[in-house]
$ cat structure.tsv   # TSV, C-alpha atoms
chain	number	residue	atom	x	y	z
M	1	MET	CA	-29.92	50.96	18.20
M	2	PRO	CA	-26.40	49.84	19.02
M	3	TYR	CA	-24.76	47.53	16.50
M	4	LEU	CA	-21.56	45.66	17.34
M	5	GLN	CA	-19.57	43.84	14.68
M	6	VAL	CA	-16.96	41.69	16.40
M	7	THR	CA	-14.01	40.57	14.28
M	8	CYS	CA	-12.37	37.65	16.06
M	9	PRO	CA	-10.91	34.16	15.47
M	10	GLU	CA	-13.39	31.53	14.35
M	11	LYS	CA	-12.18	29.18	17.09
M	12	PHE	CA	-14.59	31.01	19.44
M	13	LYS	CA	-17.71	30.11	17.38
M	14	SER	CA	-19.07	27.78	20.03
M	15	GLU	CA	-19.05	30.67	22.51
M	16	PHE	CA	-20.68	33.33	20.32
M	17	LYS	CA	-24.11	32.94	21.95
M	18	SER	CA	-22.77	33.46	25.48
M	19	PHE	CA	-20.49	36.27	24.28
M	20	ALA	CA	-23.50	37.97	22.65
M	21	GLU	CA	-25.41	37.76	25.93
M	22	VAL	CA	-22.54	39.36	27.87
M	23	LEU	CA	-21.97	42.09	25.26
M	24	THR	CA	-25.70	42.88	24.99
M	25	LEU	CA	-25.93	43.21	28.77
M	26	GLU	CA	-22.87	45.47	28.87
M	27	ILE	CA	-24.16	47.68	26.04
M	28	ASN	CA	-27.52	47.87	27.79
M	29	GLU	CA	-25.80	49.15	30.94
M	30	LEU	CA	-23.69	51.63	28.99
M	31	PHE	CA	-26.43	53.01	26.73
M	32	TYR	CA	-29.58	52.90	28.83
M	33	ASN	CA	-30.80	56.33	29.83
M	34	PRO	CA	-33.82	56.51	32.15
M	35	LYS	CA	-34.63	59.93	30.68
M	36	ALA	CA	-35.11	58.42	27.23
M	37	ARG	CA	-38.42	57.09	25.95
M	38	ILE	CA	-36.99	53.60	25.48
M	39	THR	CA	-37.04	50.91	28.17
M	40	LYS	CA	-34.09	48.65	28.98
M	41	GLU	CA	-35.97	45.75	27.39
M	42	GLU	CA	-36.57	47.75	24.18
M	43	LEU	CA	-32.89	48.73	24.09
M	44	ARG	CA	-31.89	45.09	24.54
M	45	GLU	CA	-34.18	44.05	21.70
M	46	ARG	CA	-32.59	46.68	19.44
M	47	THR	CA	-28.97	45.80	20.25
M	48	THR	CA	-27.31	43.74	17.52
M	49	VAL	CA	-24.13	41.69	18.00
M	50	HIS	CA	-22.69	40.38	14.73
M	51	PHE	CA	-19.64	38.12	14.79
M	52	ASN	CA	-17.27	38.30	11.86
M	53	PRO	CA	-14.97	35.32	12.48
M	54	TYR	CA	-11.69	34.96	10.66
M	55	ALA	CA	-9.84	31.74	9.88
M	56	GLU	CA	-6.12	31.29	10.48
M	57	ASN	CA	-4.99	32.62	7.10
M	58	GLN	CA	-7.54	35.43	6.70
M	59	LEU	CA	-6.24	38.18	8.99
M	60	PHE	CA	-2.73	39.58	8.79
M	61	ILE	CA	-1.07	42.27	10.86
M	62	GLY	CA	2.44	43.16	9.80
M	63	ALA	CA	2.10	40.38	7.20
M	64	ARG	CA	1.73	37.80	10.00
M	65	THR	CA	-1.28	35.93	11.32
M	66	PRO	CA	-2.28	36.28	14.99
M	67	ASP	CA	-0.96	32.72	15.57
M	68	GLU	CA	2.40	33.68	14.04
M	69	ARG	CA	2.46	36.79	16.24
M	70	GLY	CA	1.53	34.75	19.30
M	71	TYR	CA	-1.58	36.69	20.35
M	72	LEU	CA	-5.11	37.49	19.26
M	73	ASP	CA	-6.39	40.62	17.64
M	74	ILE	CA	-10.00	41.61	18.36
M	75	THR	CA	-11.78	44.52	16.70
M	76	VAL	CA	-15.27	45.70	17.53
M	77	GLU	CA	-17.07	48.21	15.34
M	78	LEU	CA	-19.71	49.92	17.44
M	79	SER	CA	-22.34	51.91	15.59
M	80	ASP	CA	-25.04	54.06	17.18
M	81	TRP	CA	-26.57	57.43	16.45
M	82	LEU	CA	-25.16	60.58	18.04
M	83	MET	CA	-22.49	59.05	20.29
M	84	SER	CA	-20.61	61.83	22.02
M	85	VAL	CA	-16.85	61.68	22.59
M	86	LYS	CA	-17.64	61.40	26.31
M	87	LYS	CA	-19.80	58.33	25.60
M	88	GLN	CA	-17.10	56.83	23.38
M	89	ARG	CA	-14.50	57.24	26.15
M	90	LYS	CA	-16.83	55.60	28.66
M	91	VAL	CA	-17.59	52.70	26.32
M	92	ALA	CA	-13.89	52.16	25.49
M	93	LYS	CA	-12.98	52.11	29.18
M	94	LYS	CA	-15.77	49.69	30.18
M	95	LEU	CA	-15.98	47.45	27.12
M	96	THR	CA	-12.26	46.75	26.61
M	97	PRO	CA	-11.85	44.73	29.83
M	98	VAL	CA	-15.04	42.79	29.03
M	99	LEU	CA	-13.63	41.85	25.62
M	100	MET	CA	-10.29	40.91	27.18
M	101	LYS	CA	-12.03	38.58	29.61
M	102	LEU	CA	-14.26	36.99	26.94
M	103	PHE	CA	-11.35	36.30	24.59
M	104	ASP	CA	-8.84	35.53	27.37
M	105	ILE	CA	-6.45	38.33	26.42
M	106	ASP	CA	-3.65	39.14	28.88
M	107	ASP	CA	-3.26	42.65	30.26
M	108	ASN	CA	0.04	43.05	28.41
M	109	HIS	CA	-1.84	42.66	25.09
M	110	ILE	CA	-4.53	45.28	25.76
M	111	ASP	CA	-3.43	47.08	22.57
M	112	ASN	CA	-4.79	44.15	20.57
M	113	VAL	CA	-8.36	45.02	21.56
M	114	ASN	CA	-9.66	47.70	19.22
M	115	ILE	CA	-12.97	49.53	19.17
M	116	TYR	CA	-13.98	51.53	16.14
M	117	PHE	CA	-16.80	53.99	16.80
M	118	ASN	CA	-19.27	54.81	14.09
M	119	SER	CA	-21.44	57.64	15.37
M	120	TYR	CA	-23.96	58.56	12.75
M	121	SER	CA	-26.61	61.19	12.24
M	122	PRO	CA	-30.23	60.07	12.66
M	123	THR	CA	-30.74	61.14	9.04
M	124	ASN	CA	-28.29	58.39	7.97
M	125	PHE	CA	-30.35	55.42	9.20
M	126	SER	CA	-33.83	54.19	8.47
M	127	VAL	CA	-36.10	51.75	10.28
M	128	GLY	CA	-39.10	50.30	8.52
M	129	GLY	CA	-38.77	52.74	5.64
M	130	LYS	CA	-38.59	55.85	7.83
M	131	LEU	CA	-35.53	57.87	8.72
M	132	LEU	CA	-34.56	57.62	12.37
M	133	SER	CA	-34.77	61.41	12.50
M	134	ASP	CA	-38.47	61.12	11.58
M	135	LEU	CA	-39.07	58.49	14.26
M	136	VAL	CA	-37.22	60.20	17.13
M	137	PRO	CA	-38.65	63.59	18.11
M	138	PHE	CA	-36.32	66.59	17.95
M	139	ALA	CA	-36.37	66.86	21.77
M	140	GLY	CA	-35.21	63.24	22.02
M	141	ARG	CA	-32.31	63.87	19.66
M	142	ILE	CA	-31.24	66.91	21.69
M	143	ALA	CA	-31.53	64.91	24.93
M	144	LYS	CA	-29.32	62.17	23.51
M	145	LYS	CA	-26.70	64.75	22.53
M	146	ILE	CA	-26.75	66.24	26.02
M	147	PHE	CA	-27.18	63.14	28.20
M	148	GLY	CA	-25.56	60.55	25.99
$ encode --input "structure.tsv" --output "structure tokens"
Amino acid sequence: MPYLQVTCPEKFKSEFKSFAEVLTLEINELFYNPKARITKEELRERTTVHFNPYAENQLFIGARTPDERGYLDITVELSDWLMSVKKQRKVAKKLTPVLMKLFDIDDNHIDNVNIYFNSYSPTNFSVGGKLLSDLVPFAGRIAKKIFG
């Protein structure tokens, strides 16, 4: 159940729907595992993209706004259960260029695209009143650890 919270300038609000489509597709490609009991469509339906837009005077880096600095700052918090370091590296490598393209960020400002990974235990999340660990069989949790 991937969850992306995208912190970005509010000037992109009109593009959030198309950005969400692109990000959902990319996450689907990165997280789909044919060995899992979940289909690509089910994964898509469980992928959340949440935009957290900031206005000009709401985000400061080095006590300056992105406009004062002359370039954007984009942060994505990506949460999912049992993400391995290998998976995180793969996601960082594939998702960063997608974000750069969406937000029109030049290659020389790649350091202004940040991804924060929140990999949590299936005992730390509930769906419909049941812990994820109770919904996903033990074998499925082991498979996710091994296969990503």
$ closest_atom_pairs --input "structure.tsv" --of "range 56-93 of chain M" --to "range 40-50 of chain M" --cutoff "12 Å" --atoms "all atoms listed in the file" --output "CSV"
residue,atom,partner,partner_atom,distance
M:Thr75,CA,M:His50,CA,11.8
M:Val76,CA,M:His50,CA,9.5
M:Glu77,CA,M:His50,CA,9.7
M:Leu78,CA,M:Val49,CA,9.4
M:Ser79,CA,M:Thr48,CA,9.8
M:Asp80,CA,M:Thr47,CA,9.6
$ closest_atom_pairs --input "structure.tsv" --of "range 74-102 of chain M" --to "range 7-31 of chain M" --cutoff "9 Å" --atoms "all atoms listed in the file" --output "CSV"
residue,atom,partner,partner_atom,distance
M:Ile74,CA,M:Cys8,CA,5.2
M:Thr75,CA,M:Thr7,CA,5.1
M:Val76,CA,M:Thr7,CA,6.2
M:Glu77,CA,M:Thr7,CA,8.3
M:Lys87,CA,M:Leu30,CA,8.5
M:Lys90,CA,M:Leu30,CA,7.9
M:Val91,CA,M:Leu30,CA,6.7
M:Lys94,CA,M:Leu30,CA,8.2
M:Leu95,CA,M:Glu26,CA,7.4
M:Val98,CA,M:Leu23,CA,7.9
M:Leu99,CA,M:Leu23,CA,8.4
M:Leu102,CA,M:Phe19,CA,6.8
$ atom_distance --input "structure.tsv" --atom1 "CA of Asp67 in chain M" --atom2 "CA of Lys101 in chain M"
18.8 Å
$ atom_distance --input "structure.tsv" --atom1 "CA of Trp81 in chain M" --atom2 "CA of Val6 in chain M"
18.4 Å
$ closest_residue --input "structure.tsv" --among "M:Gly129, M:Leu82, M:Pro97, M:Glu68" --to "Met1 in chain M" --atoms "all atoms listed in the file"
M:Leu82
$ atom_distance --input "structure.tsv" --atom1 "CA of Ile105 in chain M" --atom2 "CA of Asp73 in chain M"
9.1 Å
$ residues_around --input "structure.tsv" --residues "Tyr71 in chain M" --least-positions-apart "5" --cutoff "9 Å" --atoms "all atoms listed in the file" --output "PDB file with C-alpha atoms, keeping the file's coordinate frame"
ATOM      1  CA  PRO M  66      -2.280  36.280  14.990  1.00  0.00           C
ATOM      2  CA  ILE M 105      -6.450  38.330  26.420  1.00  0.00           C
ATOM      3  CA  HIS M 109      -1.840  42.660  25.090  1.00  0.00           C
ATOM      4  CA  ASN M 112      -4.790  44.150  20.570  1.00  0.00           C
TER       5      ASN M 112
END
$ decode --input "structure.tsv" --residues "range 5-45 of chain M" --atoms "N, CA and C atoms" --output "compact mmCIF listing (two decimals), in the first residue's frame"
# COMPACT_ATOMS: atom_id res chain seq x y z
N GLN M 5 3.63 11.27 -0.22
CA GLN M 5 3.26 12.63 0.11
C GLN M 5 4.27 13.53 -0.58
N VAL M 6 3.79 14.34 -1.51
CA VAL M 6 4.65 15.17 -2.34
C VAL M 6 4.57 16.61 -1.87
N THR M 7 5.66 17.12 -1.33
CA THR M 7 5.74 18.51 -0.90
C THR M 7 6.34 19.30 -2.05
N CYS M 8 5.56 20.25 -2.58
CA CYS M 8 5.97 20.97 -3.78
C CYS M 8 5.27 22.33 -3.81
N PRO M 9 5.71 23.24 -4.71
CA PRO M 9 5.06 24.55 -4.81
C PRO M 9 3.60 24.43 -5.25
N GLU M 10 2.76 25.29 -4.71
CA GLU M 10 1.35 25.27 -5.05
C GLU M 10 1.08 25.68 -6.48
N LYS M 11 2.05 26.29 -7.15
CA LYS M 11 1.83 26.73 -8.53
C LYS M 11 1.59 25.55 -9.48
N PHE M 12 1.84 24.32 -9.03
CA PHE M 12 1.62 23.13 -9.85
C PHE M 12 0.24 22.51 -9.63
N LYS M 13 -0.62 23.13 -8.83
CA LYS M 13 -1.93 22.56 -8.48
C LYS M 13 -2.73 22.08 -9.69
N SER M 14 -2.69 22.83 -10.75
CA SER M 14 -3.48 22.45 -11.93
C SER M 14 -2.97 21.16 -12.58
N GLU M 15 -1.76 20.76 -12.23
CA GLU M 15 -1.17 19.56 -12.82
C GLU M 15 -1.16 18.36 -11.88
N PHE M 16 -1.70 18.51 -10.68
CA PHE M 16 -1.66 17.43 -9.70
C PHE M 16 -2.30 16.15 -10.22
N LYS M 17 -3.41 16.23 -10.90
CA LYS M 17 -4.09 15.03 -11.40
C LYS M 17 -3.18 14.27 -12.36
N SER M 18 -2.60 14.96 -13.33
CA SER M 18 -1.71 14.27 -14.29
C SER M 18 -0.44 13.77 -13.61
N PHE M 19 0.07 14.54 -12.65
CA PHE M 19 1.25 14.10 -11.89
C PHE M 19 0.92 12.82 -11.11
N ALA M 20 -0.27 12.78 -10.50
CA ALA M 20 -0.68 11.60 -9.73
C ALA M 20 -0.77 10.38 -10.63
N GLU M 21 -1.26 10.56 -11.84
CA GLU M 21 -1.33 9.44 -12.79
C GLU M 21 0.06 8.91 -13.12
N VAL M 22 1.00 9.80 -13.39
CA VAL M 22 2.37 9.41 -13.72
C VAL M 22 3.03 8.72 -12.53
N LEU M 23 2.90 9.30 -11.35
CA LEU M 23 3.52 8.73 -10.16
C LEU M 23 2.91 7.38 -9.79
N THR M 24 1.61 7.25 -9.92
CA THR M 24 0.94 5.97 -9.63
C THR M 24 1.44 4.90 -10.59
N LEU M 25 1.54 5.23 -11.86
CA LEU M 25 2.05 4.28 -12.85
C LEU M 25 3.48 3.86 -12.53
N GLU M 26 4.31 4.83 -12.18
CA GLU M 26 5.71 4.53 -11.86
C GLU M 26 5.82 3.65 -10.61
N ILE M 27 5.05 3.97 -9.59
CA ILE M 27 5.06 3.16 -8.36
C ILE M 27 4.56 1.75 -8.66
N ASN M 28 3.55 1.65 -9.51
CA ASN M 28 3.03 0.34 -9.90
C ASN M 28 4.13 -0.50 -10.56
N GLU M 29 4.91 0.12 -11.43
CA GLU M 29 6.01 -0.59 -12.09
C GLU M 29 7.09 -1.00 -11.09
N LEU M 30 7.37 -0.11 -10.15
CA LEU M 30 8.44 -0.37 -9.18
C LEU M 30 8.05 -1.40 -8.11
N PHE M 31 6.78 -1.43 -7.73
CA PHE M 31 6.36 -2.25 -6.60
C PHE M 31 5.63 -3.53 -6.98
N TYR M 32 5.17 -3.63 -8.20
CA TYR M 32 4.44 -4.84 -8.59
C TYR M 32 5.37 -6.04 -8.59
N ASN M 33 4.89 -7.12 -7.99
CA ASN M 33 5.63 -8.37 -7.94
C ASN M 33 4.68 -9.48 -8.38
N PRO M 34 4.95 -10.12 -9.52
CA PRO M 34 4.03 -11.16 -9.99
C PRO M 34 3.91 -12.35 -9.03
N LYS M 35 4.87 -12.47 -8.11
CA LYS M 35 4.82 -13.57 -7.14
C LYS M 35 3.90 -13.26 -5.96
N ALA M 36 3.49 -12.00 -5.86
CA ALA M 36 2.61 -11.60 -4.76
C ALA M 36 1.17 -11.95 -5.11
N ARG M 37 0.32 -11.92 -4.10
CA ARG M 37 -1.10 -12.26 -4.29
C ARG M 37 -1.93 -11.06 -4.73
N ILE M 38 -1.29 -9.96 -5.05
CA ILE M 38 -2.00 -8.74 -5.43
C ILE M 38 -1.76 -8.46 -6.92
N THR M 39 -2.82 -8.11 -7.62
CA THR M 39 -2.71 -7.80 -9.05
C THR M 39 -2.20 -6.37 -9.22
N LYS M 40 -1.80 -6.04 -10.45
CA LYS M 40 -1.37 -4.67 -10.74
C LYS M 40 -2.52 -3.69 -10.50
N GLU M 41 -3.73 -4.09 -10.87
CA GLU M 41 -4.89 -3.22 -10.67
C GLU M 41 -5.14 -3.00 -9.18
N GLU M 42 -5.03 -4.04 -8.37
CA GLU M 42 -5.22 -3.89 -6.93
C GLU M 42 -4.14 -3.00 -6.33
N LEU M 43 -2.91 -3.15 -6.80
CA LEU M 43 -1.82 -2.29 -6.32
C LEU M 43 -2.10 -0.84 -6.69
N ARG M 44 -2.54 -0.61 -7.92
CA ARG M 44 -2.87 0.75 -8.36
C ARG M 44 -3.96 1.35 -7.47
N GLU M 45 -4.96 0.57 -7.17
CA GLU M 45 -6.07 1.05 -6.34
C GLU M 45 -5.66 1.30 -4.89
